[in-house]
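Here's input_19.txt, which has compact mmCIF, C-alpha atoms:
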# COMPACT_ATOMS: atom_id res chain seq x y z
CA MET A 19 2.07 14.05 25.21
CA LEU A 20 -0.88 14.70 22.94
CA GLU A 21 1.33 13.71 20.02
CA ILE A 22 2.06 10.31 21.57
CA ILE A 23 -1.62 9.64 22.26
CA LEU A 24 -2.55 10.57 18.70
CA PHE A 25 0.25 8.42 17.33
CA ALA A 26 -0.92 5.46 19.41
CA CYS A 27 -4.53 5.87 18.26
CA PHE A 28 -3.68 6.11 14.57
CA ALA A 29 -1.08 3.35 14.76
CA LEU A 30 -3.60 1.02 16.38
CA ALA A 31 -6.19 1.96 13.78
CA ALA A 32 -3.72 1.27 10.97
CA ILE A 33 -2.77 -2.11 12.41
CA ALA A 34 -6.42 -2.99 13.03
CA GLY A 35 -7.25 -2.10 9.43
CA ALA A 36 -4.39 -4.24 8.17
CA VAL A 37 -5.47 -7.23 10.26
CA TRP A 38 -9.04 -6.68 9.11
CA VAL A 39 -7.86 -6.91 5.49
CA ILE A 40 -6.13 -10.26 5.94
CA LEU A 41 -8.89 -11.77 8.11
CA GLY A 42 -11.88 -10.62 6.05
CA LYS A 43 -13.87 -13.55 4.70
CA ASN A 44 -15.34 -11.39 1.98
CA ALA A 45 -13.23 -9.28 -0.37
CA SER A 46 -15.49 -6.25 0.09
CA TRP A 47 -14.92 -6.38 3.85
CA SER A 48 -11.21 -6.45 3.16
CA ALA A 49 -11.64 -3.31 1.05
CA LEU A 50 -13.20 -1.54 4.04
CA GLY A 51 -10.26 -2.55 6.23
CA LEU A 52 -7.98 -1.16 3.54
CA LEU A 53 -9.87 2.13 3.74
CA VAL A 54 -9.32 2.31 7.52
CA ASN A 55 -5.62 1.57 7.04
CA PHE A 56 -5.17 4.24 4.36
CA CYS A 57 -7.06 6.91 6.32
CA SER A 58 -5.07 6.40 9.51
CA LEU A 59 -1.83 6.50 7.53
CA GLY A 60 -3.00 9.80 6.04
CA ALA A 61 -3.56 11.13 9.55
CA LEU A 62 -0.03 10.05 10.49
CA TYR A 63 1.29 11.93 7.43
CA ILE A 64 -0.37 15.08 8.75
CA MET A 65 1.37 14.53 12.10
CA LEU A 66 4.65 14.22 10.17
CA ASN A 67 4.36 17.71 8.61
CA ALA A 68 3.41 16.36 5.19
CA PRO A 69 -0.08 17.79 4.63
CA PHE A 70 0.14 17.70 0.84
CA VAL A 71 1.07 14.03 0.72
CA ALA A 72 -1.68 13.33 3.24
CA LEU A 73 -4.17 15.02 0.94
CA ILE A 74 -2.96 12.96 -2.01
CA GLN A 75 -3.18 9.86 0.19
CA PHE A 76 -6.83 10.58 0.97
CA ILE A 77 -7.73 11.38 -2.62
CA VAL A 78 -5.74 8.75 -4.52
CA TYR A 79 -5.60 5.83 -2.09
CA ALA A 80 -8.65 6.19 0.14
CA GLY A 81 -10.67 7.54 -2.76
CA ALA A 82 -9.65 6.15 -6.10
CA ILE A 83 -7.85 2.90 -5.34
CA VAL A 84 -10.32 1.60 -2.73
CA VAL A 85 -13.20 2.43 -5.06
CA MET A 86 -11.42 0.58 -7.85
CA PHE A 87 -10.97 -2.49 -5.67
CA LEU A 88 -14.63 -2.38 -4.68
CA PHE A 89 -15.57 -1.95 -8.33
CA VAL A 90 -13.66 -5.07 -9.34
CA VAL A 91 -15.05 -7.04 -6.39
CA MET A 92 -18.60 -6.09 -7.40
CA LEU A 93 -17.89 -6.66 -11.09
CA LEU A 94 -16.54 -10.16 -10.63
CA MET A 95 -19.09 -11.16 -7.95
CA VAL A 96 -17.07 -14.26 -7.25
CA ARG A 97 -19.46 -17.11 -6.69
CA ARG A 98 -16.82 -19.54 -5.61
CA GLY A 99 -14.82 -18.08 -2.74
CA GLU A 100 -11.44 -19.28 -1.72
CA GLY A 101 -11.24 -23.03 -1.82
CA GLU A 102 -10.13 -24.80 1.31
CA ASP A 103 -6.44 -24.53 1.87
CA LYS A 104 -4.84 -27.52 0.22
CA LYS A 105 -1.45 -26.86 1.72
CA PRO A 106 -1.89 -25.80 5.36
CA PHE A 107 1.84 -25.84 6.03
CA GLN A 108 2.13 -22.89 3.64
CA ARG A 109 0.07 -20.84 6.06
CA TYR A 110 2.36 -21.49 9.03
CA MET A 111 5.45 -20.99 6.89
CA GLY A 112 4.07 -17.68 5.64
CA ILE A 113 3.26 -16.39 9.11
CA ALA A 114 6.63 -17.53 10.46
CA LEU A 115 8.51 -15.86 7.58
CA ALA A 116 6.60 -12.59 8.00
CA VAL A 117 7.19 -12.51 11.76
CA LEU A 118 10.86 -13.17 11.11
CA LEU A 119 10.89 -10.30 8.61
CA ALA A 120 9.28 -7.92 11.10
CA ALA A 121 11.70 -8.95 13.84
CA GLY A 122 14.65 -8.42 11.52
CA LEU A 123 13.43 -4.99 10.45
CA VAL A 124 12.84 -3.90 14.05
CA TYR A 125 16.27 -5.20 15.03
CA ILE A 126 17.89 -3.21 12.22
CA GLY A 127 15.90 -0.13 13.19
CA VAL A 128 17.02 -0.38 16.81
CA SER A 129 20.65 -1.10 16.05
CA VAL A 130 21.17 1.52 13.32
CA ALA A 131 21.31 5.21 14.16
CA MET A 132 17.97 6.70 13.13
CA PRO A 133 17.70 10.30 11.95
CA HIS A 134 16.39 12.56 14.69
CA GLY A 135 16.57 16.08 13.33
CA SER A 136 15.15 18.77 15.53
CA LEU A 137 11.72 19.70 14.39
CA PRO A 138 11.33 22.96 12.47
CA ALA A 139 8.04 24.76 12.66
CA THR A 140 5.33 23.26 10.49
CA PRO A 141 6.13 24.30 6.94
CA GLN A 142 3.27 26.52 5.94
CA ASP A 143 4.17 26.26 2.26
CA ASN A 144 4.60 22.51 2.02
CA ALA A 145 2.84 22.30 -1.33
CA ARG A 146 4.87 25.20 -2.76
CA VAL A 147 8.20 23.68 -1.73
CA LEU A 148 7.15 20.29 -3.08
CA GLY A 149 6.06 21.79 -6.38
CA LEU A 150 9.22 23.85 -6.82
CA THR A 151 11.43 20.82 -6.17
CA LEU A 152 9.29 18.53 -8.30
CA PHE A 153 9.36 20.80 -11.34
CA SER A 154 13.05 21.64 -11.14
CA GLU A 155 15.14 18.89 -9.61
CA TYR A 156 12.78 15.99 -10.34
CA LEU A 157 11.50 17.07 -13.74
CA LEU A 158 12.75 14.03 -15.67
CA PRO A 159 11.26 11.47 -13.22
CA LEU A 160 8.02 13.45 -13.36
CA TRP A 161 7.90 13.12 -17.15
CA MET A 162 8.71 9.44 -16.90
CA ALA A 163 5.91 8.94 -14.38
CA GLY A 164 3.54 10.65 -16.79
CA VAL A 165 4.61 8.37 -19.65
CA LEU A 166 4.24 5.37 -17.35
CA LEU A 167 0.70 6.33 -16.44
CA LEU A 168 -0.14 6.76 -20.12
CA ILE A 169 1.27 3.32 -20.91
CA GLY A 170 -0.71 1.86 -18.03
CA MET A 171 -3.88 3.44 -19.35
CA ILE A 172 -3.35 2.04 -22.86
CA ALA A 173 -2.49 -1.37 -21.42
CA VAL A 174 -5.70 -1.45 -19.41
CA VAL A 175 -7.80 -0.58 -22.44
CA MET A 176 -6.11 -3.33 -24.46
CA LEU A 177 -6.44 -5.90 -21.65
CA ALA A 178 -10.06 -5.17 -20.89
CA LYS A 179 -11.13 -5.22 -24.52
CA ARG A 180 -13.29 -8.23 -25.27
CA LYS A 181 -11.74 -10.29 -28.05
CA LYS A 182 -13.98 -10.97 -31.03
CA GLU A 183 -14.95 -14.61 -31.14
CA ALA A 184 -13.25 -16.12 -34.18
CA MET B 27 9.58 10.49 26.05
CA THR B 28 8.98 11.98 22.64
CA LEU B 29 8.18 10.44 19.33
CA SER B 30 11.13 9.65 17.14
CA SER B 31 11.60 8.23 13.68
CA LEU B 32 12.15 4.82 15.30
CA HIS B 33 8.51 4.63 16.39
CA TYR B 34 7.32 5.30 12.87
CA PHE B 35 9.84 2.84 11.49
CA ILE B 36 8.64 0.09 13.82
CA LEU B 37 5.01 0.77 12.92
CA SER B 38 6.00 0.63 9.27
CA ALA B 39 7.79 -2.69 9.78
CA ILE B 40 4.73 -4.16 11.52
CA LEU B 41 2.40 -3.03 8.74
CA PHE B 42 4.80 -4.38 6.12
CA ALA B 43 4.90 -7.76 7.86
CA ILE B 44 1.10 -7.92 8.15
CA GLY B 45 0.88 -7.21 4.43
CA GLY B 46 3.45 -9.93 3.82
CA ILE B 47 1.39 -12.42 5.85
CA GLY B 48 -1.62 -11.53 3.72
CA VAL B 49 0.26 -12.07 0.47
CA LEU B 50 1.61 -15.43 1.62
CA VAL B 51 -1.51 -16.78 3.31
CA ARG B 52 -4.54 -15.54 1.41
CA ARG B 53 -5.55 -17.31 -1.79
CA ASN B 54 -7.92 -14.67 -3.16
CA ALA B 55 -6.07 -12.68 -5.82
CA ILE B 56 -7.94 -9.44 -5.08
CA VAL B 57 -7.07 -9.62 -1.38
CA ILE B 58 -3.46 -10.34 -2.31
CA PHE B 59 -3.46 -7.14 -4.34
CA MET B 60 -4.82 -5.22 -1.37
CA CYS B 61 -2.01 -6.59 0.78
CA VAL B 62 0.58 -5.50 -1.77
CA GLU B 63 -0.89 -2.00 -1.60
CA MET B 64 -0.65 -2.14 2.18
CA MET B 65 3.02 -3.05 1.97
CA LEU B 66 3.66 -0.11 -0.38
CA ASN B 67 1.90 2.16 2.11
CA ALA B 68 4.00 0.85 4.97
CA VAL B 69 7.15 1.81 3.07
CA ASN B 70 5.65 5.21 2.28
CA LEU B 71 5.15 5.80 5.99
CA SER B 72 8.82 5.28 6.81
CA LEU B 73 9.84 7.45 3.83
CA ILE B 74 7.71 10.31 5.13
CA ALA B 75 8.96 9.82 8.69
CA PHE B 76 12.58 9.95 7.51
CA ALA B 77 11.86 13.01 5.38
CA ARG B 78 10.45 14.74 8.44
CA TYR B 79 13.31 13.80 10.76
CA LEU B 80 15.95 14.65 8.16
CA ASN B 81 14.26 18.05 7.65
CA GLY B 82 14.07 17.42 3.92
CA VAL B 83 11.43 17.20 1.27
CA ASP B 84 12.88 14.49 -0.98
CA GLY B 85 11.20 11.66 0.88
CA GLN B 86 7.80 13.21 0.30
CA LEU B 87 8.53 13.50 -3.42
CA LEU B 88 9.60 9.87 -3.52
CA VAL B 89 6.28 8.99 -1.93
CA LEU B 90 4.46 10.89 -4.66
CA PHE B 91 6.30 8.84 -7.29
CA VAL B 92 5.57 5.61 -5.43
CA MET B 93 1.90 6.55 -5.46
CA ALA B 94 1.99 7.12 -9.23
CA ILE B 95 3.64 3.74 -9.81
CA ALA B 96 1.23 2.04 -7.40
CA ALA B 97 -1.76 3.51 -9.19
CA ALA B 98 -0.50 2.22 -12.55
CA GLU B 99 0.32 -1.15 -10.99
CA VAL B 100 -3.05 -1.67 -9.37
CA VAL B 101 -4.93 -0.67 -12.51
CA VAL B 102 -2.98 -3.07 -14.71
CA GLY B 103 -3.20 -5.81 -12.09
CA LEU B 104 -6.94 -5.54 -11.74
CA ALA B 105 -7.34 -5.52 -15.54
CA ILE B 106 -5.30 -8.73 -15.69
CA LEU B 107 -7.59 -10.22 -13.03
CA VAL B 108 -10.69 -9.31 -15.01
CA ALA B 109 -9.16 -10.78 -18.18
CA LEU B 110 -8.23 -13.96 -16.29
CA TYR B 111 -11.70 -14.18 -14.83
CA ARG B 112 -13.12 -14.38 -18.34
CA LYS B 113 -10.96 -17.41 -19.08
CA ARG B 114 -11.84 -19.27 -15.89
CA PRO B 115 -14.26 -17.85 -13.34
CA THR B 116 -12.20 -17.92 -10.16
CA THR B 117 -9.95 -15.56 -8.26
CA ASP B 118 -8.22 -18.33 -6.34
CA VAL B 119 -4.52 -18.14 -7.14
CA ASP B 120 -4.08 -21.87 -6.51
CA GLU B 121 -6.31 -22.59 -9.50
CA MET B 122 -4.27 -20.38 -11.84
CA ASN B 123 -1.77 -23.11 -12.61
CA LEU B 124 -1.63 -23.28 -16.42
CA LEU B 125 2.14 -22.79 -16.35
CA LYS B 126 2.65 -25.69 -13.97
CA GLY B 127 4.65 -28.47 -15.57
Could you write out this file's structure as C-alpha cells?
Amino acid sequence: MLEIILFACFALAAIAGAVWVILGKNASWSALGLLVNFCSLGALYIMLNAPFVALIQFIVYAGAIVVMFLFVVMLLMVRRGEGEDKKPFQRYMGIALAVLLAAGLVYIGVSVAMPHGSLPATPQDNARVLGLTLFSEYLLPLWMAGVLLLIGMIAVVMLAKRKKEA
Amino acid sequence: MTLSSLHYFILSAILFAIGGIGVLVRRNAIVIFMCVEMMLNAVNLSLIAFARYLNGVDGQLLVLFVMAIAAAEVVVGLAILVALYRKRPTTDVDEMNLLKG
C-alpha cells in the first residue's frame, strides 16, 4: 500500500514537472520544472531496485544537465522571447498528435503481455553487479561511449571557439 | 492491487507525450531541448521498470548508455545554440529559416 502511495506521489510530481516545463514563460522556470521531473524520476528508480542508476540520475541529470541548461539560459539572456505564434494550427495539431501517441502507447501497453516477474529481495550489491556486467559483457559499448564523449568534447570546443574576424 | 510494470509504462507514455507536446508546440530552442531530455527520461523509466520486472540488469546498463549519449547530445546541442545565437540573436526556432527555399 505504501508503495502505491509513493508511486502516486512521485508520478504526480514527475507529470507536474513536465507540465511546468512546457508551460513556463521563462526558460529558467522551465529548467526548474525539469529539475522536479528528474528528481522524482530518480525517486522512482530507487523504488524500482535501481539505486545506482538513481544516483547517476541525481548527479548527471539533476546536477550537471540542469546546471548546463541554466548556464546557457543565463549566458544568452534572450532579450526577445518567443515571438507570437504565427501558425496557431500547429499548436492544436501538435497537441492532438501527442495525445494520439500517448493513447496508442497505453493501448499497446494494455494489450501486450507485460513482464511481471516476482520481486527478488532488494539487490544489496546493485553497483557491483552492474560494474561486473558492464566491464565484461558490455566492454565494447563502454569503450565506444567513451570515444563518443571525447568526440563530443572536441566538437564543443570547436563550436564554441570564436572565429577570428577576417 | 499491487504495482506492476504496466503502471510504470503508462507513466512513461504520459511523460513521453508531454515531452512531445513541448517539442511540437514551444518555439524556444532551449525549451525544446529540455523537452527532448524529458522524452529520453521517460524512455529510461520504462527501461528500468522492465529491468526490474524481468529480474535482469541489462535494462539498467542500457539506461547508463542512454545517459552518456544524452549528455553528449545536450552538450553539442547547446554549443550549436550558442554558435547560432552569435549569428542572429534569437532562440526562436521559427526565425532559424536560412535553409528555407
Q: Could you list, as a PyMOL selection string, the residues of chain B having an atom within 6 Å of chain A when counting only C-alpha atoms?
A: chain B and resi 36+39-40+43+46-48+50-51+54+79-80+98+102+105+118
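The interatomic distance for the pair CA of Ala75 in chain B and CA of Val101 in chain B works out to 27.4 Å.
CA of Glu99 in chain B is found 19.7 Å from CA of Gln86 in chain B.
In this model, the gap between CA of Phe35 in chain B and CA of Met93 in chain B comes to 19.1 Å.
Within 12 Å of the point (8.8, 12.5, 24.8), counting only C-alpha atoms, the protein and nucleic acid residues come to Met19, Leu20, Glu21, Ile22 and Ile23 of chain A; Met27, Thr28, Leu29, Ser30 and His33 of chain B.
Shortest atom-to-atom contact with Leu158 in chain A among B:Phe91, B:Ala109, B:Asp120, B:Arg114: B:Phe91, counting all atoms listed in the file.
Comparing A:Phe153, A:Met92, A:Leu53, A:Ala61 by their smallest distance to Ile56 in chain B, the closest is A:Met92 (using all atoms listed in the file).
The smallest atom-to-atom distance between Ala80 in chain A and any of B:Leu104, B:Val83, B:Met64, B:Val92, using only C-alpha atoms, is found for B:Met64.
In terms of minimum interatomic distance to Val62 in chain B, B:Ile44 ranks closest within B:Ala77, B:Leu124, B:Ile44, B:Leu32, counting all atoms listed in the file.
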